[in-house]
Structure formats: structure tokens, C-alpha cells
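Have a look at final.cif below; it lists mmCIF, C-alpha atoms and all ligand atoms.
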```cif
data_input
loop_
_atom_site.label_atom_id
_atom_site.label_comp_id
_atom_site.auth_asym_id
_atom_site.auth_seq_id
_atom_site.Cartn_x
_atom_site.Cartn_y
_atom_site.Cartn_z
CA MET A 1 29.06 83.51 -95.06
CA ARG A 2 25.62 83.50 -93.43
CA VAL A 3 24.66 86.74 -91.79
CA ILE A 4 21.62 88.14 -89.98
CA LEU A 5 21.13 91.90 -89.78
CA LEU A 6 19.35 92.83 -86.59
CA GLY A 7 18.24 96.28 -85.52
CA PRO A 8 15.18 98.49 -85.17
CA PRO A 9 13.35 99.95 -88.16
CA GLY A 10 15.35 102.93 -89.38
CA ALA A 11 18.70 101.56 -88.19
CA GLY A 12 19.98 101.49 -91.77
CA LYS A 13 19.76 97.73 -92.25
CA GLY A 14 18.71 98.06 -95.89
CA THR A 15 21.54 100.46 -96.75
CA GLN A 16 24.22 98.33 -95.06
CA ALA A 17 22.71 95.15 -96.51
CA GLU A 18 23.15 96.47 -100.04
CA ARG A 19 26.84 97.14 -99.46
CA ILE A 20 27.57 93.87 -97.70
CA THR A 21 25.79 91.71 -100.28
CA LYS A 22 27.54 93.50 -103.16
CA ASP A 23 31.04 93.26 -101.66
CA TYR A 24 30.70 89.76 -100.28
CA GLU A 25 28.65 88.47 -103.23
CA ILE A 26 25.85 86.88 -101.26
CA PRO A 27 22.08 87.26 -101.88
CA HIS A 28 20.20 89.94 -99.94
CA ILE A 29 17.01 88.49 -98.49
CA SER A 30 14.72 91.17 -97.08
CA THR A 31 11.33 89.93 -95.91
CA GLY A 32 10.10 93.55 -95.96
CA ASP A 33 11.07 93.82 -99.65
CA ILE A 34 9.38 90.51 -100.43
CA PHE A 35 6.16 91.72 -98.79
CA ARG A 36 6.33 95.14 -100.54
CA TYR A 37 6.87 93.45 -103.93
CA ASN A 38 3.82 91.26 -103.37
CA ILE A 39 1.70 94.17 -102.14
CA LYS A 40 2.65 96.21 -105.22
CA ASN A 41 1.69 93.31 -107.49
CA ASN A 42 -1.49 92.60 -105.56
CA THR A 43 -0.76 88.88 -105.11
CA GLU A 44 -2.61 86.75 -102.55
CA LEU A 45 0.41 87.05 -100.25
CA GLY A 46 0.43 90.81 -100.84
CA LYS A 47 -3.24 91.13 -99.90
CA LEU A 48 -2.61 89.28 -96.65
CA ALA A 49 0.67 91.07 -95.81
CA LYS A 50 -0.86 94.52 -96.44
CA GLN A 51 -3.28 94.12 -93.54
CA TYR A 52 -0.29 93.86 -91.18
CA THR A 53 2.44 96.01 -92.74
CA GLU A 54 0.22 99.09 -92.97
CA LYS A 55 -0.42 98.94 -89.24
CA GLY A 56 3.23 98.29 -88.42
CA LEU A 57 2.41 94.76 -87.20
CA LEU A 58 4.28 91.58 -87.99
CA VAL A 59 2.97 89.30 -90.73
CA PRO A 60 2.09 85.93 -89.10
CA ASP A 61 5.08 83.70 -88.37
CA ASP A 62 3.92 80.63 -90.32
CA VAL A 63 3.55 82.70 -93.50
CA THR A 64 6.89 84.47 -93.02
CA ASN A 65 8.84 81.35 -92.07
CA LYS A 66 7.58 79.53 -95.16
CA ILE A 67 8.60 82.38 -97.47
CA VAL A 68 12.11 82.47 -96.01
CA GLU A 69 12.55 78.70 -96.22
CA ASP A 70 11.47 78.73 -99.87
CA ARG A 71 13.93 81.51 -100.58
CA LEU A 72 16.81 79.86 -98.69
CA SER A 73 16.30 76.63 -100.60
CA LYS A 74 17.20 78.40 -103.87
CA ASP A 75 20.53 77.64 -105.48
CA ASP A 76 22.01 81.11 -104.99
CA CYS A 77 21.88 80.69 -101.18
CA LYS A 78 24.14 77.64 -101.28
CA ASP A 79 27.30 79.49 -100.26
CA GLY A 80 25.76 82.10 -98.02
CA PHE A 81 23.15 84.81 -97.64
CA LEU A 82 22.25 87.90 -95.69
CA LEU A 83 18.92 88.05 -93.90
CA ASP A 84 17.59 91.59 -93.45
CA GLY A 85 14.50 91.95 -91.25
CA TYR A 86 14.26 88.24 -90.46
CA PRO A 87 14.01 86.71 -87.91
CA ARG A 88 11.86 89.26 -86.11
CA ASN A 89 10.97 87.28 -82.99
CA VAL A 90 12.04 84.19 -81.07
CA VAL A 91 9.52 81.91 -82.85
CA GLN A 92 11.05 82.87 -86.22
CA ALA A 93 14.60 82.49 -84.88
CA GLU A 94 13.81 78.98 -83.66
CA SER A 95 12.21 78.08 -86.97
CA LEU A 96 15.30 79.33 -88.86
CA GLY A 97 17.59 77.50 -86.45
CA LYS A 98 15.76 74.21 -87.07
CA TYR A 99 15.79 74.70 -90.84
CA LEU A 100 19.54 75.34 -90.89
CA GLU A 101 20.31 72.54 -88.45
CA ASN A 102 18.50 70.05 -90.69
CA LYS A 103 20.75 71.14 -93.53
CA GLY A 104 23.89 71.04 -91.38
CA LEU A 105 24.34 74.81 -91.72
CA LYS A 106 24.88 77.61 -89.22
CA ILE A 107 24.78 81.39 -88.93
CA ASP A 108 28.24 83.06 -88.77
CA HIS A 109 27.34 86.56 -87.54
CA VAL A 110 24.35 88.45 -86.19
CA LEU A 111 25.10 92.13 -86.79
CA ASN A 112 23.14 94.16 -84.25
CA ILE A 113 22.87 97.80 -85.37
CA ILE A 114 22.09 100.08 -82.41
CA VAL A 115 20.52 103.53 -82.91
CA ASP A 116 18.93 105.99 -80.41
CA ARG A 117 15.12 106.05 -80.46
CA ASP A 118 14.79 109.79 -81.23
CA GLU A 119 17.10 109.38 -84.19
CA LEU A 120 15.02 106.45 -85.48
CA VAL A 121 11.78 108.46 -85.37
CA LYS A 122 13.51 111.32 -87.23
CA ARG A 123 14.95 109.01 -89.87
CA LEU A 124 11.75 107.07 -90.54
CA SER A 125 9.29 109.96 -90.63
CA GLY A 126 11.53 111.95 -93.03
CA ARG A 127 12.31 109.00 -95.30
CA ARG A 128 11.24 109.12 -98.94
CA VAL A 129 11.72 106.30 -101.44
CA CYS A 130 11.72 105.91 -105.20
CA PRO A 131 8.99 103.41 -106.16
CA SER A 132 10.86 102.66 -109.38
CA CYS A 133 14.55 102.05 -108.48
CA GLY A 134 14.28 101.76 -104.69
CA ALA A 135 16.69 104.64 -103.91
CA THR A 136 16.10 106.17 -100.49
CA TYR A 137 16.27 109.82 -99.41
CA HIS A 138 15.63 111.90 -96.32
CA ILE A 139 13.90 115.27 -96.55
CA VAL A 140 16.51 116.88 -94.26
CA THR A 141 19.69 114.79 -94.20
CA LYS A 142 19.71 113.38 -97.76
CA PRO A 143 17.35 115.40 -99.96
CA PRO A 144 17.16 114.73 -103.71
CA LYS A 145 18.60 117.41 -106.04
CA VAL A 146 15.07 118.36 -107.13
CA GLU A 147 12.48 118.23 -104.37
CA GLY A 148 10.30 115.12 -104.57
CA ILE A 149 12.09 113.66 -107.61
CA CYS A 150 14.52 110.70 -107.74
CA ASP A 151 18.07 111.71 -108.72
CA HIS A 152 18.62 108.42 -110.55
CA CYS A 153 15.49 107.83 -112.59
CA GLY A 154 13.38 111.00 -112.38
CA GLU A 155 10.46 109.19 -110.74
CA LYS A 156 8.26 110.99 -108.19
CA LEU A 157 9.32 110.03 -104.66
CA ILE A 158 6.83 108.55 -102.22
CA GLN A 159 6.61 107.95 -98.50
CA ARG A 160 6.30 104.28 -97.53
CA THR A 161 2.74 103.68 -96.27
CA ASP A 162 4.22 102.40 -93.00
CA ASP A 163 6.45 105.46 -92.48
CA ASN A 164 3.57 107.60 -91.15
CA ILE A 165 4.02 108.52 -87.50
CA GLU A 166 1.43 106.06 -86.07
CA SER A 167 2.95 103.10 -87.91
CA VAL A 168 6.48 104.23 -87.04
CA LEU A 169 5.68 104.30 -83.32
CA LYS A 170 3.91 100.93 -83.56
CA ARG A 171 6.88 99.38 -85.42
CA LEU A 172 9.28 100.64 -82.74
CA GLU A 173 7.03 99.17 -80.03
CA VAL A 174 6.88 95.82 -81.88
CA TYR A 175 10.68 95.93 -82.17
CA GLU A 176 11.11 96.48 -78.41
CA ASP A 177 8.63 93.75 -77.47
CA GLU A 178 9.33 91.09 -80.07
CA THR A 179 12.63 91.63 -81.88
CA LYS A 180 14.94 93.00 -79.19
CA PRO A 181 14.80 89.73 -77.20
CA LEU A 182 16.76 88.24 -80.12
CA VAL A 183 19.84 90.15 -78.93
CA GLU A 184 19.84 87.96 -75.84
CA TYR A 185 18.85 84.87 -77.85
CA TYR A 186 21.78 85.19 -80.26
CA GLY A 187 24.01 86.54 -77.49
CA LYS A 188 23.74 83.17 -75.74
CA LEU A 189 24.87 81.55 -78.99
CA ASN A 190 27.87 83.91 -79.08
CA LEU A 191 26.81 85.36 -82.43
CA ILE A 192 25.97 88.99 -81.59
CA ARG A 193 28.28 91.70 -83.01
CA ASN A 194 27.17 95.13 -81.77
CA ILE A 195 27.54 98.09 -84.14
CA ASP A 196 26.97 101.79 -83.43
CA GLY A 197 24.42 102.78 -86.08
CA ASN A 198 24.23 106.44 -85.00
CA LYS A 199 27.38 107.15 -87.02
CA PRO A 200 27.46 108.11 -90.72
CA VAL A 201 26.75 105.30 -93.23
CA ASN A 202 30.41 104.88 -94.31
CA GLU A 203 31.67 104.59 -90.75
CA VAL A 204 29.00 102.05 -89.88
CA TYR A 205 30.06 100.00 -92.89
CA LYS A 206 33.72 100.17 -91.86
CA GLU A 207 32.78 98.83 -88.44
CA ILE A 208 30.91 95.98 -90.11
CA GLN A 209 33.86 95.20 -92.37
CA ALA A 210 36.19 95.15 -89.39
CA LEU A 211 33.96 92.52 -87.81
CA ILE A 212 33.44 90.26 -90.81
CA GLY A 213 36.19 91.44 -93.17
CA ASP A 214 38.65 88.57 -92.92
CA GLU A 215 36.06 86.20 -94.31
CA VAL A 216 35.67 87.87 -97.73
P1 LIG B 1 10.91 96.21 -93.03
O1 LIG B 1 11.10 96.71 -94.41
O2 LIG B 1 11.89 95.12 -92.64
O3 LIG B 1 10.85 97.32 -92.01
O4 LIG B 1 9.49 95.48 -92.99
C1 LIG B 1 8.30 96.17 -93.29
C2 LIG B 1 7.12 95.42 -92.71
O5 LIG B 1 7.03 94.10 -93.30
C3 LIG B 1 7.18 95.16 -91.21
O6 LIG B 1 6.72 96.28 -90.46
C4 LIG B 1 6.25 93.95 -91.08
O7 LIG B 1 4.90 94.32 -91.18
C5 LIG B 1 6.60 93.15 -92.32
N1 LIG B 1 7.72 92.23 -92.05
C6 LIG B 1 9.00 92.33 -92.53
N2 LIG B 1 9.75 91.33 -92.07
C7 LIG B 1 8.96 90.58 -91.28
C8 LIG B 1 9.15 89.41 -90.50
N3 LIG B 1 10.35 88.81 -90.41
N4 LIG B 1 8.08 88.91 -89.81
C9 LIG B 1 6.88 89.49 -89.89
N5 LIG B 1 6.63 90.62 -90.57
C10 LIG B 1 7.65 91.16 -91.27
#
```
Can you present the structure in this file as C-alpha cells?
Ligand code: AMP
Amino acid sequence: MRVILLGPPGAGKGTQAERITKDYEIPHISTGDIFRYNIKNNTELGKLAKQYTEKGLLVPDDVTNKIVEDRLSKDDCKDGFLLDGYPRNVVQAESLGKYLENKGLKIDHVLNIIVDRDELVKRLSGRRVCPSCGATYHIVTKPPKVEGICDHCGEKLIQRTDDNIESVLKRLEVYEDETKPLVEYYGKLNLIRNIDGNKPVNEVYKEIQALIGDEV
């Protein structure tokens, strides 16, 4: 199964991606995670990506497309994959389409998670993450047992550098201008499956399972 997770920042793509990829046994490919890993390890790619991610801007398409193609060519993607945060604009979608077409492959579902804007701002600005195990929290809706400390590994929680209010607003603007047109793009290809992401995590997942479930 080949799936794309579409939706604004804060829609819960990462959370749902973890569940889907575990249950359906396909690799989780998050371009955001790939950039964060490289930034943390101060690689050449990380140094470049940092200049964009911190401001809430997209990393240039040629760089991003190449990273995704390299990842998709790995053996574990043979029988399927889930793309989380990619493609992010029409140029990337066309590049992915060409890559897959050359291999005789196609996307099965584009899961479009829809969440109200006010809710997104609330979710993103209150989000805290564990830099060690990647667990995510929210200061109001999902606080850790001990303030500022990860429940799982005891590490001190941090705020993502792009979860400050300026970057959040910029990322939402970039989503509206560049990523949202993909709903129409994939709609024309009959691939869009709309999901109400305002609901609790478990209910959102049930909706996703109902859409893709028979293909487990
Ligand atoms: P995310 O974790 O998906 O919200 O991504 C965090 C940041 O990484 C984004 O705000 C962008 O700066 C960058 N990024 C992630 N995916 C892409 C992509 N497909 N194209 C360009 N930049 C991306």
C-alpha cells in the first residue's frame, strides 16, 4: 500500500503515521524527521535545511525531491510506504508522480486530514517534544506526568524551534499557498480521502482504518 498523508502542520499527521505504519507494516517516511535528524547531527544537508525550517519555509524542491527518491529506492519501500509531509507543493507532487510512473507504481490513497485553523495554532504553540525518544506532549491537552519531563525516558522536554508563534503562522500560510492546492491536484486523480482531524486521535485513526482497512 502506498499512502500520502496530507494536512496542515498540527493536523496530527505524525501521530497517525506512526499507527498506520505499525499496523500496516510499511515504512514511515517523514521529510520533516529527515531534516530534523540532519540538523541535529549538523550534516551539510542539516546546515542547509536549518535556514528554511527555522523560518517555517520549505526546503528547496530539488533537495527535497532527491532525498525522497533516494529513500524510496531502498529495499524496504518495495511493497509500500507512507509519505508524511511530502509532497508539499505541486512541483514535488509532479516529481513524485514521474518517479513512480517510471517504476510502474502508483499511489493508492491520499489521506487529507482537515483541522480548524484556531485548533492548529493551539496545538502547535503548546506542543512539546522529547529530543531523545520523540514522544510528543501538549502543555494543556496532553501534559507529561512531571512538568517538562518525558514520561518514557525522563529526558527534559523541548519546544521545536519551528513551533514558536511566528514560525507557526508562517507554516500555516505556506500550507495554504503551496500545499492546499494538492487537495485539488490529487482530487482530480480520484485519490483524496477526507478525514475530520478535529476529533480525538483514536477516532481519527478509526476513520482512517475504515478508508484503507480492507487492504491490510
Ligand atoms: P514537518 O515536520 O513536516 O512539519 O516539517 C518541518 C519543516 O521541514 C517544514 O516546515 C519545512 O521547513 C521542512 N520540510 C518538511 N517537509 C518538506 C517538504 N516536503 N518540502 C520542503 N520542506 C519540507
Identify, counting all atoms listed in the file, the protein, DNA and RNA residues located within 9 Å of ligand LIG 1 (chain B), and give them as number ranges by chain.
A: 8-10, 13-14, 30-36, 49-61, 63-65, 68, 84-89, 92, 162, 167-168, 170-171, 174
For a quick check of understanding, using all atoms listed in the file, which of A:Lys98, A:His109, A:Arg193, A:Lys40 has the smallest distance to Pro131 of chain A?
A:Lys40
From the set A:Asn41, A:Arg2, A:Lys199, A:Pro27, which residue has the shortest atom-to-atom contact distance to Arg71 of chain A, counting only C-alpha atoms?
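Closest to Arg71 of chain A of all the choices is A:Pro27.
Distances here use all atoms listed in the file; by that measure, the residue among A:Ile113, A:Cys77, A:Val204, A:Leu120 closest to Leu100 of chain A is A:Cys77.
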Using only C-alpha atoms, which residue out of A:Glu119, A:Glu184, A:Glu155, A:Asp177 lies closest to Ala135 of chain A?
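Residue with the minimum atom-to-atom distance to Ala135 of chain A: A:Glu155.
A straight line drawn from atom CA of Ser132 of chain A to atom CA of Ile20 of chain A is 22.2 Å long.
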Extract, using all atoms listed in the file, all DNA, RNA and protein residues at most 12 Å from Leu124 of chain A, discarding same-chain residues fewer than 4 positions from it, and format them as a PyMOL selection string.
chain A and resi 8-12+117-120+128-129+136-141+159-169+171-172
Selected residues written out with C-alpha atoms, as a compact mmCIF listing (two decimals), keeping the file's coordinate frame:
```txt
# COMPACT_ATOMS: atom_id res chain seq x y z
CA PRO A 8 15.18 98.49 -85.17
CA PRO A 9 13.35 99.95 -88.16
CA GLY A 10 15.35 102.93 -89.38
CA ALA A 11 18.70 101.56 -88.19
CA GLY A 12 19.98 101.49 -91.77
CA ARG A 117 15.12 106.05 -80.46
CA ASP A 118 14.79 109.79 -81.23
CA GLU A 119 17.10 109.38 -84.19
CA LEU A 120 15.02 106.45 -85.48
CA ARG A 128 11.24 109.12 -98.94
CA VAL A 129 11.72 106.30 -101.44
CA THR A 136 16.10 106.17 -100.49
CA TYR A 137 16.27 109.82 -99.41
CA HIS A 138 15.63 111.90 -96.32
CA ILE A 139 13.90 115.27 -96.55
CA VAL A 140 16.51 116.88 -94.26
CA THR A 141 19.69 114.79 -94.20
CA GLN A 159 6.61 107.95 -98.50
CA ARG A 160 6.30 104.28 -97.53
CA THR A 161 2.74 103.68 -96.27
CA ASP A 162 4.22 102.40 -93.00
CA ASP A 163 6.45 105.46 -92.48
CA ASN A 164 3.57 107.60 -91.15
CA ILE A 165 4.02 108.52 -87.50
CA GLU A 166 1.43 106.06 -86.07
CA SER A 167 2.95 103.10 -87.91
CA VAL A 168 6.48 104.23 -87.04
CA LEU A 169 5.68 104.30 -83.32
CA ARG A 171 6.88 99.38 -85.42
CA LEU A 172 9.28 100.64 -82.74
```
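Between atom CA of Asn112 of chain A and atom CA of Gly187 of chain A there is a distance of 10.2 Å.
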Calculated over all atoms listed in the file, which of the candidates A:Lys180, A:Lys206, A:Lys22, A:Arg127 has the smallest distance to Ile158 of chain A?
A:Arg127
Give me, please, the distance in Å between atom CA of Cys130 of chain A and atom CA of Leu157 of chain A, quoted to one decimal.
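Value for the atom CA of Cys130 of chain A-atom CA of Leu157 of chain A distance: 4.8 Å.
When only C-alpha atoms are used to measure the gap to Tyr185 of chain A, the shortest distance among A:Tyr99, A:Val110, A:Lys66, A:Gly80 belongs to A:Val110.
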Find the spatial neighbours of Tyr24 of chain A, counting all atoms listed in the file, within a cut-off of 12 Å - ignore same-chain residues fewer than 4 positions away - and output them as a PyMOL selection string.
chain A and resi 1-3+16-20+28+79-82+208-209+212-216
Selection to disk with C-alpha atoms, as a compact mmCIF listing (two decimals), keeping the file's coordinate frame:
```
# COMPACT_ATOMS: atom_id res chain seq x y z
CA MET A 1 29.06 83.51 -95.06
CA ARG A 2 25.62 83.50 -93.43
CA VAL A 3 24.66 86.74 -91.79
CA GLN A 16 24.22 98.33 -95.06
CA ALA A 17 22.71 95.15 -96.51
CA GLU A 18 23.15 96.47 -100.04
CA ARG A 19 26.84 97.14 -99.46
CA ILE A 20 27.57 93.87 -97.70
CA HIS A 28 20.20 89.94 -99.94
CA ASP A 79 27.30 79.49 -100.26
CA GLY A 80 25.76 82.10 -98.02
CA PHE A 81 23.15 84.81 -97.64
CA LEU A 82 22.25 87.90 -95.69
CA ILE A 208 30.91 95.98 -90.11
CA GLN A 209 33.86 95.20 -92.37
CA ILE A 212 33.44 90.26 -90.81
CA GLY A 213 36.19 91.44 -93.17
CA ASP A 214 38.65 88.57 -92.92
CA GLU A 215 36.06 86.20 -94.31
CA VAL A 216 35.67 87.87 -97.73
```
